[in-house]
file final-v6.txt (compact mmCIF, C-alpha atoms)
# COMPACT_ATOMS: atom_id res chain seq x y z
CA MET A 18 0.00 0.00 0.00
CA PRO A 19 1.46 3.41 -0.95
CA SER A 20 2.37 5.76 1.89
CA THR A 21 0.75 9.13 2.52
CA LYS A 22 3.90 10.84 1.19
CA ASP A 23 3.79 8.75 -2.03
CA CYS A 24 0.15 9.69 -2.55
CA CYS A 25 0.96 13.35 -1.97
CA GLU A 26 3.88 13.22 -4.40
CA PHE A 27 1.63 11.59 -7.04
CA SER A 28 -1.07 14.17 -6.39
CA SER A 29 1.47 16.99 -6.53
CA ARG A 30 2.36 15.94 -10.07
CA ARG A 31 -1.34 16.13 -10.91
CA VAL A 32 -1.46 19.65 -9.43
CA ARG A 33 1.59 20.73 -11.44
CA MET A 34 0.03 19.37 -14.63
CA HIS A 35 -3.18 21.13 -13.74
CA ASN A 36 -1.34 24.42 -13.31
CA LEU A 37 0.30 24.04 -16.71
CA ASN A 38 -2.99 23.28 -18.46
CA LEU A 39 -5.25 25.87 -16.83
CA SER A 40 -4.47 28.48 -19.47
CA LYS A 41 -4.99 25.99 -22.29
CA ASN A 42 -8.18 24.46 -20.94
CA PRO A 43 -10.10 26.66 -18.47
CA ALA A 44 -12.67 23.90 -18.03
CA MET A 45 -10.10 21.93 -16.06
CA SER A 46 -10.19 24.52 -13.27
CA GLY A 47 -13.01 22.53 -11.72
CA VAL A 48 -10.80 19.48 -11.17
CA VAL A 49 -8.84 20.98 -8.30
CA SER A 50 -11.74 23.04 -6.98
CA GLU A 51 -13.61 19.79 -6.26
CA LEU A 52 -10.84 18.62 -3.90
CA PRO A 53 -11.26 19.46 -0.18
CA PHE A 54 -8.98 22.34 0.68
CA ASP A 55 -7.24 20.39 3.47
CA ILE A 56 -6.19 17.82 0.83
CA ILE A 57 -4.87 20.61 -1.40
CA THR A 58 -2.97 22.01 1.60
CA GLU A 59 -1.43 18.60 2.28
CA ILE A 60 -0.35 18.23 -1.34
CA LEU A 61 1.15 21.70 -1.54
CA SER A 62 3.13 21.19 1.67
CA TRP A 63 5.26 18.56 -0.12
CA LEU A 64 6.10 20.68 -3.16
CA PRO A 65 9.41 22.54 -3.73
CA VAL A 66 9.60 26.28 -3.17
CA GLU A 67 10.00 27.00 -6.88
CA SER A 68 6.62 25.43 -7.64
CA LEU A 69 4.86 27.14 -4.75
CA LEU A 70 6.10 30.55 -5.86
CA ARG A 71 4.32 30.01 -9.17
CA PHE A 72 1.19 28.65 -7.49
CA LYS A 73 0.68 31.93 -5.62
CA PHE A 74 -0.95 33.20 -8.81
CA VAL A 75 -3.46 30.34 -9.16
CA CYS A 76 -6.06 32.00 -6.92
CA LYS A 77 -6.40 34.23 -3.85
CA GLN A 78 -7.02 31.25 -1.57
CA TRP A 79 -3.78 29.56 -2.60
CA CYS A 80 -1.87 32.81 -2.32
CA SER A 81 -3.23 33.35 1.20
CA LEU A 82 -2.28 29.79 2.17
CA LEU A 83 1.29 30.12 0.92
CA LEU A 84 1.72 33.29 3.01
CA ASP A 85 0.32 31.67 6.14
CA TYR A 86 3.06 31.14 8.73
CA LYS A 87 1.61 27.84 9.98
CA PHE A 88 1.77 26.46 6.46
CA ILE A 89 5.28 27.88 5.96
CA ALA A 90 6.49 26.12 9.14
CA LYS A 91 4.84 22.84 8.06
CA HIS A 92 6.37 23.08 4.58
CA MET A 93 9.84 23.80 5.96
CA LEU A 94 9.76 20.61 8.06
CA ARG A 95 8.99 18.54 4.96
CA ALA A 96 11.09 20.34 2.38
CA ARG A 97 14.15 18.72 0.87
CA PRO A 98 17.38 20.46 2.01
CA LEU A 99 18.82 23.09 -0.29
CA GLN A 100 22.46 22.49 -1.31
CA LEU A 101 24.61 25.62 -1.41
CA SER A 102 28.26 26.03 -2.31
CA CYS A 103 30.48 28.36 -0.28
CA GLN A 104 34.05 29.14 0.70
CA ARG A 105 35.06 28.14 4.23
CA MET A 106 37.90 30.16 5.63
CA TRP A 107 39.48 31.34 8.88
CA GLU A 108 39.16 34.95 9.99
CA HIS A 109 41.81 36.97 11.82
CA ASN A 110 40.13 36.16 15.17
CA LYS A 111 40.41 32.43 14.42
CA THR A 112 36.74 31.86 13.76
CA ILE A 113 35.36 29.91 10.82
CA THR A 114 33.65 32.03 8.18
CA PHE A 115 31.36 30.90 5.38
CA LEU A 116 31.33 33.04 2.24
CA TYR A 117 28.36 32.38 -0.05
CA ASP A 118 29.31 35.36 -2.22
CA GLU A 119 32.64 37.09 -2.72
CA ASN A 120 33.38 39.34 0.29
CA VAL A 121 30.03 38.50 1.91
CA LYS A 122 30.01 36.25 4.96
CA ARG A 123 27.20 34.50 6.78
CA VAL A 124 26.60 35.82 10.30
CA THR A 125 23.75 33.56 11.37
CA GLU A 126 20.70 31.75 10.02
CA VAL A 127 17.10 31.66 11.26
CA ALA A 128 14.04 30.04 9.64
CA GLY A 129 15.78 29.69 6.28
CA LEU A 130 16.87 33.34 6.32
CA PHE A 131 20.57 34.25 6.22
CA LEU A 132 21.96 37.34 7.93
CA GLU A 133 25.03 38.35 5.93
CA GLU A 134 27.73 40.99 6.19
CA SER A 135 29.89 42.57 3.51
CA HIS A 136 33.59 42.48 4.39
CA THR A 137 34.34 45.65 2.46
CA THR A 138 31.38 47.96 3.16
CA ARG A 139 30.03 46.65 6.52
CA VAL A 140 26.59 46.47 4.91
CA PHE A 141 24.26 43.84 6.38
CA ARG A 142 21.45 42.08 4.56
CA ILE A 143 18.92 39.30 5.11
CA ARG A 144 18.69 36.82 2.25
CA ASN A 145 16.35 33.95 1.40
CA PHE A 146 18.23 31.66 -0.97
CA ALA A 147 15.13 29.63 -1.82
CA THR A 148 13.02 32.59 -3.00
CA HIS A 149 15.97 34.69 -4.27
CA GLN A 150 14.90 37.64 -2.12
CA VAL A 151 17.12 40.12 -0.28
CA LEU A 152 16.52 42.85 2.28
CA TYR A 153 19.34 45.35 2.82
CA LEU A 154 19.50 46.78 6.34
CA PRO A 155 20.23 50.44 7.13
CA TYR A 156 23.89 51.21 7.78
CA ALA A 157 24.65 50.51 11.46
CA GLY A 158 28.17 52.03 11.65
CA ASN A 159 31.74 50.77 11.50
CA ALA A 160 31.89 49.90 15.21
CA THR A 161 29.13 47.32 14.96
CA THR A 162 29.70 43.89 16.48
CA ALA A 163 27.77 40.73 17.40
CA MET A 164 24.77 41.31 15.15
CA GLY A 165 21.96 38.80 15.41
CA PHE A 166 18.28 38.50 14.64
CA VAL A 167 15.16 36.68 15.75
CA PHE A 168 12.06 35.55 13.88
CA ASP A 169 8.66 34.55 15.29
CA SER A 170 7.42 31.74 13.05
CA SER A 171 3.82 32.17 14.26
CA THR A 172 3.49 35.91 13.54
CA GLY A 173 6.27 36.66 11.06
CA GLU A 174 7.73 39.35 13.35
CA CYS A 175 11.45 39.87 12.88
CA LYS A 176 13.94 41.96 14.85
CA VAL A 177 17.64 42.61 14.40
CA ALA A 178 20.01 43.85 17.09
CA CYS A 179 23.72 44.56 17.47
CA PHE A 180 26.20 46.12 19.84
CA ASN A 181 27.81 49.38 18.79
CA LYS A 182 30.90 50.90 20.40
CA ASN A 183 30.97 54.68 20.62
CA GLU A 184 34.49 55.39 19.39
CA GLU A 185 34.11 59.11 20.15
CA VAL A 186 33.61 58.52 23.87
CA ASP A 187 36.48 57.28 26.00
CA PHE A 188 38.18 55.15 23.33
CA GLY A 189 35.04 53.14 22.60
CA ARG A 190 34.38 52.06 26.17
CA GLU A 191 30.75 53.16 25.92
CA VAL A 192 28.57 50.51 24.31
CA GLY A 193 25.07 50.85 22.93
CA VAL A 194 22.55 48.40 21.53
CA LYS A 195 20.94 49.11 18.18
CA VAL A 196 17.57 47.57 17.37
CA LEU A 197 15.63 47.34 14.12
CA SER A 198 12.08 45.97 13.81
CA ILE A 199 11.76 44.74 10.23
CA GLY A 200 8.81 46.32 8.45
CA LYS A 201 8.30 48.90 11.20
CA ASP A 202 11.55 50.83 11.67
CA ASP A 203 13.22 52.78 8.88
CA GLN A 204 16.36 53.36 10.96
CA TRP A 205 18.11 51.77 13.92
CA ARG A 206 16.95 52.63 17.43
CA THR A 207 19.77 53.02 19.97
CA LEU A 208 19.43 51.84 23.56
CA LYS A 209 22.05 52.18 26.28
CA PRO A 210 22.78 49.25 28.58
CA PRO A 211 22.70 50.08 32.31
CA ASN A 212 25.72 50.26 34.62
CA GLN A 213 28.27 51.63 32.18
CA ASN A 214 29.50 54.61 34.13
CA ASP A 215 33.08 54.59 35.47
CA LYS A 216 33.66 50.88 34.80
CA LEU A 217 37.21 49.72 34.16
CA PHE A 218 36.95 46.51 32.18
CA LEU A 219 39.78 44.06 31.69
CA LYS A 220 38.14 42.03 28.90
CA ARG A 221 34.95 42.33 26.91
CA TYR A 222 33.08 39.75 24.85
CA PHE A 223 30.02 40.09 22.63
CA ARG A 224 27.62 37.25 21.88
CA ALA A 225 24.26 37.05 20.09
CA THR A 226 22.10 33.91 20.11
CA HIS A 227 18.87 33.71 18.13
CA GLU A 228 17.81 30.57 20.04
CA GLU A 229 17.55 32.63 23.22
CA GLY A 230 16.43 35.74 21.38
CA ALA A 231 19.13 37.69 23.18
CA ALA A 232 22.40 39.57 22.76
CA HIS A 233 24.97 39.40 25.56
CA LEU A 234 27.74 41.76 26.62
CA VAL A 235 30.19 39.91 28.88
CA GLU A 236 32.67 42.06 30.80
CA ILE A 237 35.40 41.28 33.29
CA ILE A 238 35.56 44.49 35.29
CA ARG A 239 37.61 45.79 38.20
CA ASP A 240 35.79 45.72 41.52
CA GLY A 241 38.03 47.44 44.06
CA GLU A 242 41.15 45.31 44.40
CA ASP A 243 39.46 42.35 42.75
CA PHE A 244 37.63 41.53 39.51
CA LYS A 245 34.12 40.38 38.74
CA LEU A 246 32.42 39.00 35.64
CA GLU A 247 29.15 40.60 34.60
CA VAL A 248 26.77 39.61 31.80
CA GLN A 249 24.42 42.26 30.44
CA SER A 250 21.75 40.46 28.42
CA PHE A 251 19.41 42.22 26.02
CA ASP A 252 16.11 40.48 25.27
CA LEU A 253 15.23 41.34 21.65
CA TRP A 254 11.51 40.71 22.07
CA SER A 255 10.91 42.72 25.25
CA GLU A 256 13.85 45.10 24.61
CA CYS A 257 14.80 44.86 28.28
CA PHE A 258 18.23 44.45 29.88
CA THR A 259 19.07 41.85 32.52
CA ILE A 260 22.32 41.88 34.51
CA THR A 261 23.77 38.63 35.81
CA THR A 262 26.94 38.44 37.89
CA LEU A 263 29.12 35.34 38.00
CA PRO A 264 29.13 33.88 41.53
CA ARG A 265 32.17 35.04 43.46
CA GLY A 266 34.79 32.38 43.96
CA ALA A 267 33.60 30.34 40.98
CA PHE A 268 37.06 30.71 39.42
CA LEU A 269 40.35 31.49 41.14
CA ASP A 270 41.58 33.89 38.47
CA LEU A 271 39.08 35.61 36.16
CA LYS A 272 41.95 36.81 33.97
CA ARG A 273 42.43 33.19 32.87
CA VAL A 274 38.84 32.29 31.99
CA GLY A 275 37.49 31.90 28.48
CA VAL A 276 34.05 33.04 27.35
CA PHE A 277 32.40 30.94 24.64
CA ARG A 278 29.15 29.31 23.51
CA TRP A 279 27.89 26.15 25.14
CA ASN A 280 25.12 25.11 22.74
CA GLN A 281 23.22 28.41 22.43
CA TYR A 282 24.19 29.75 25.85
CA VAL A 283 26.94 31.99 27.18
CA ALA A 284 29.53 29.97 29.09
CA VAL A 285 32.61 30.76 31.17
CA ALA A 286 35.35 28.20 31.74
CA ASP A 287 38.86 27.58 33.01
CA ILE A 288 41.13 24.54 33.02
CA VAL A 289 42.00 23.21 36.45
CA GLY A 290 44.22 20.14 36.59
CA GLU A 291 43.03 17.82 33.80
CA ALA A 292 39.48 19.13 33.57
CA LEU A 293 37.57 22.02 32.06
CA ASN A 294 35.34 23.62 34.67
CA VAL A 295 32.38 25.33 32.99
CA LEU A 296 29.59 27.60 34.21
CA VAL A 297 26.75 27.95 31.69
CA LEU A 298 24.24 30.80 31.89
CA GLN A 299 21.24 28.62 31.05
CA ASP A 300 18.58 31.19 31.97
CA PHE A 301 19.64 34.83 31.89
CA LYS A 302 16.18 35.98 32.96
CA GLU A 303 16.37 33.94 36.15
CA HIS A 304 20.16 34.44 36.58
CA LYS A 305 20.59 30.65 36.57
CA TRP A 306 24.05 29.13 36.14
CA SER A 307 24.74 25.41 35.60
CA LYS A 308 28.05 23.79 36.47
CA ILE A 309 29.64 21.27 34.11
CA THR A 310 32.97 19.47 34.37
CA VAL A 311 34.60 18.10 31.22
CA PRO A 312 37.55 15.69 31.77
CA LEU A 313 40.54 16.46 29.52
CA LYS A 314 42.65 13.34 29.97
CA PHE A 315 44.91 14.16 27.04
CA LEU A 316 46.50 16.92 29.18
CA LYS A 317 48.26 14.21 31.18
CA ASP A 318 50.44 13.44 28.15
CA ASP A 319 50.92 17.10 27.15
CA PRO A 320 50.52 19.31 30.28
CA VAL A 321 51.89 22.37 28.45
CA LEU A 322 48.59 22.58 26.58
CA LYS A 323 46.82 23.62 29.78
CA ASP A 324 48.13 27.18 29.43
CA GLN A 325 47.71 27.28 25.66
CA ILE A 326 44.18 26.13 24.88
CA LYS A 327 40.90 27.99 25.35
CA PRO A 328 37.37 26.69 24.71
CA ARG A 329 35.86 28.13 21.56
CA ARG A 330 32.51 26.37 21.18
CA ALA A 331 30.70 23.32 22.56
CA ASN A 332 27.79 21.31 21.23
CA ASN A 333 26.53 19.06 23.98
CA THR A 334 24.05 17.36 21.63
CA PHE A 335 26.87 15.94 19.50
CA GLY A 336 29.34 15.86 22.37
CA GLU A 337 31.87 18.05 20.55
CA LEU A 338 34.10 20.65 22.19
CA GLN A 339 36.34 22.94 20.15
CA LEU A 340 39.56 24.05 21.86
CA HIS A 341 41.65 26.79 20.25
CA ASN A 342 45.42 26.81 20.64
CA ALA A 343 46.77 30.27 19.80
CA VAL A 344 50.38 29.20 20.35
CA ARG A 345 50.36 26.26 17.95
CA ASN A 346 47.73 27.91 15.75
CA ASN A 347 45.39 24.94 15.62
CA LEU A 348 41.98 23.77 16.73
CA LEU A 349 41.38 20.61 18.75
CA LEU A 350 38.09 18.79 18.18
CA TYR A 351 37.39 16.96 21.44
CA ASP A 352 34.78 14.21 21.82
CA MET A 353 33.29 14.76 25.28
CA LYS A 354 31.44 11.43 25.26
CA ARG A 355 34.47 9.31 24.36
CA GLU A 356 36.84 11.68 26.20
CA MET A 357 39.37 11.85 23.40
CA VAL A 358 40.71 14.26 20.77
CA GLN A 359 39.05 13.43 17.46
CA ALA A 360 41.09 15.68 15.21
CA THR A 361 43.56 18.56 15.14
CA ILE A 362 42.92 21.22 12.52
CA ASN A 363 45.76 23.53 11.53
CA ILE A 364 44.51 27.08 11.10
CA THR A 365 45.72 28.73 7.93
CA ASN A 366 44.72 31.71 5.83
CA SER A 367 43.62 29.47 3.00
CA SER A 368 40.03 28.72 2.10
CA GLU A 369 38.28 25.70 0.66
CA LYS A 370 35.11 25.17 -1.30
CA ILE A 371 32.47 23.10 0.47
CA PHE A 372 28.76 22.38 0.23
CA THR A 373 26.27 23.10 3.00
CA PHE A 374 22.67 22.00 3.33
CA HIS A 375 19.81 24.15 4.58
CA LYS A 376 16.05 23.83 4.84
CA PRO A 377 14.38 26.10 2.24
CA SER A 378 11.81 28.60 3.46
CA LEU A 379 8.87 30.52 2.00
CA VAL A 380 9.34 33.38 4.48
CA THR A 381 9.21 36.83 2.91
CA LEU A 382 10.00 39.85 5.08
CA LYS A 383 8.47 43.22 4.35
CA GLY A 384 10.74 45.19 2.02
CA MET A 385 12.41 42.14 0.48
CA LYS A 386 13.10 42.30 -3.24
CA ARG A 387 14.01 39.59 -5.72
CA GLU A 388 17.70 39.65 -6.50
CA TYR A 389 19.67 36.93 -8.24
CA ILE A 390 23.15 37.12 -6.79
call {"tool": "encode", "arguments": {"input": "final-v6.txt", "output": "structure tokens"}}
result
Amino acid sequence: MPSTKDCCEFSSRRVRMHNLNLSKNPAMSGVVSELPFDIITEILSWLPVESLLRFKFVCKQWCSLLLDYKFIAKHMLRARPLQLSCQRMWEHNKTITFLYDENVKRVTEVAGLFLEESHTTRVFRIRNFATHQVLYLPYAGNATTAMGFVFDSSTGECKVACFNKNEEVDFGREVGVKVLSIGKDDQWRTLKPPNQNDKLFLKRYFRATHEEGAAHLVEIIRDGEDFKLEVQSFDLWSECFTITTLPRGAFLDLKRVGVFRWNQYVAVADIVGEALNVLVLQDFKEHKWSKITVPLKFLKDDPVLKDQIKPRRANNTFGELQLHNAVRNNLLLYDMKREMVQATINITNSSEKIFTFHKPSLVTLKGMKREYI
């Protein structure tokens, strides 16, 4: 017995043939109109984006369906991944960059939409590869860092935010947050994080995570004769700031700690003995930290690495931890489940062509225009 998907694929071919023959034989328009609309919806949800873009012009009901965010989410779950070619290279700060166009790098991806940045002009844009649509964002300034965006799949609301250092004030120590509501704001709105007056910071890190819908400013600042670590989190949806302080005594020397991403969360870590001690800010709204210890048994054979490596990123789902060695200029891929180094990647200035796979999306943001790049 054929599966539901097989029936839908067979029916989808009938729908495509119907669409091709409508202009030749108007009498056939009754064939599809006799089908229950929920069956038509099921069939359309299995079709590729290219076909659905044409089917928007069949009738108002189909057009309305293909713009419905519930249908878009359902279609994206079923859609066949889109294969894209890009150049993978290392940036000056030892992070991996994906270039899908010359001098344009991917910053992040949400709901099939790519946030991209031009290396030469600092222009940001949001692109949908599946629909060939692009939205160019207003210029945010040269001192922009950690740009990210969020998208509500139930309402279609989209917001973009970034940190911006004021280079004219105290050598860029003053930091602001710029926010842009797509389809509502013509220009960036600037908000100032609290508690910035008279702070002497030792280190500063910027992170933006669309999974949390937040942008984080992590600072190690002088507190009398000591130091403290403070996380100022900006919620993109509520546009409110939350300040979380690392528990005192969590680490012996804050000047040694590394700040990185543990899954989608901000994490702070230091190596003690043959283990990586990690504190993960799992809920910035509730100021909740979680403690994790990762054994690094390979340090027993090469103890010098303890002072050379810093955590760069961790994915607990796949059990992978990336450790960057600035001295040897390489990246260790550590398997946390098997407790062993899987591979050592030498960091060079060269790039390589690779293919990446992404779920195509029907999402169209207000102001997007078709552009074949």
call {"tool": "atom_distance", "arguments": {"input": "final-v6.txt", "atom1": "atom CA of Leu64 of chain A", "atom2": "atom CA of Gln150 of chain A"}}
result
19.1 Å
call {"tool": "closest_residue", "arguments": {"input": "final-v6.txt", "among": "A:Cys257, A:Leu269, A:Ala360, A:Met164", "to": "Arg224 of chain A", "atoms": "all atoms listed in the file"}}
result
A:Met164
call {"tool": "atom_distance", "arguments": {"input": "final-v6.txt", "atom1": "atom CA of Val177 of chain A", "atom2": "atom CA of Ile237 of chain A"}}
result
26.0 Å
call {"tool": "atom_distance", "arguments": {"input": "final-v6.txt", "atom1": "atom CA of Glu337 of chain A", "atom2": "atom CA of Val276 of chain A"}}
result
16.6 Å
call {"tool": "residues_near_point", "arguments": {"input": "final-v6.txt", "point": "(15.5, 29.7, -1.5)", "cutoff": "9 Å", "atoms": "all atoms listed in the file", "output": "JSON, numbers by chain"}}
result
{"A": [66, 67, 99, 129, 130, 144, 145, 146, 147, 148, 149, 150, 376, 377, 378, 379]}
call {"tool": "closest_residue", "arguments": {"input": "final-v6.txt", "among": "A:Val311, A:Leu271, A:Arg206, A:Ile113", "to": "His341 of chain A", "atoms": "only C-alpha atoms"}}
result
A:Ile113
call {"tool": "closest_residue", "arguments": {"input": "final-v6.txt", "among": "A:Arg345, A:Lys182, A:Lys272, A:Lys176", "to": "Gly230 of chain A", "atoms": "all atoms listed in the file"}}
result
A:Lys176
call {"tool": "closest_residue", "arguments": {"input": "final-v6.txt", "among": "A:Pro155, A:Gly200, A:Gly165, A:Pro328", "to": "Gly384 of chain A", "atoms": "only C-alpha atoms"}}
result
A:Gly200
call {"tool": "residues_around", "arguments": {"input": "final-v6.txt", "residues": "Asp203 of chain A", "least_positions_apart": "5", "cutoff": "12 Å", "atoms": "only C-alpha atoms", "output": "PDB file with C-alpha atoms, in the frame of the given file"}}
result
ATOM      1  CA  TYR A 153      19.340  45.350   2.820  1.00  0.00           C
ATOM      2  CA  LEU A 154      19.500  46.780   6.340  1.00  0.00           C
ATOM      3  CA  PRO A 155      20.230  50.440   7.130  1.00  0.00           C
ATOM      4  CA  TYR A 156      23.890  51.210   7.780  1.00  0.00           C
ATOM      5  CA  ALA A 157      24.650  50.510  11.460  1.00  0.00           C
ATOM      6  CA  VAL A 196      17.570  47.570  17.370  1.00  0.00           C
ATOM      7  CA  LEU A 197      15.630  47.340  14.120  1.00  0.00           C
ATOM      8  CA  SER A 198      12.080  45.970  13.810  1.00  0.00           C
ATOM      9  CA  LYS A 383       8.470  43.220   4.350  1.00  0.00           C
ATOM     10  CA  GLY A 384      10.740  45.190   2.020  1.00  0.00           C
TER      11      GLY A 384
END
call {"tool": "closest_residue", "arguments": {"input": "final-v6.txt", "among": "A:Asp55, A:Asp240, A:Asp270, A:Glu126", "to": "Phe218 of chain A", "atoms": "all atoms listed in the file"}}
result
A:Asp240
call {"tool": "closest_residue", "arguments": {"input": "final-v6.txt", "among": "A:Arg97, A:Lys91, A:His233, A:Arg329", "to": "Phe374 of chain A", "atoms": "all atoms listed in the file"}}
result
A:Arg97
call {"tool": "residues_around", "arguments": {"input": "final-v6.txt", "residues": "Lys308 of chain A", "least_positions_apart": "5", "cutoff": "9 Å", "atoms": "only C-alpha atoms", "output": "MDAnalysis selection string"}}
result
chainID A and resid 294:297
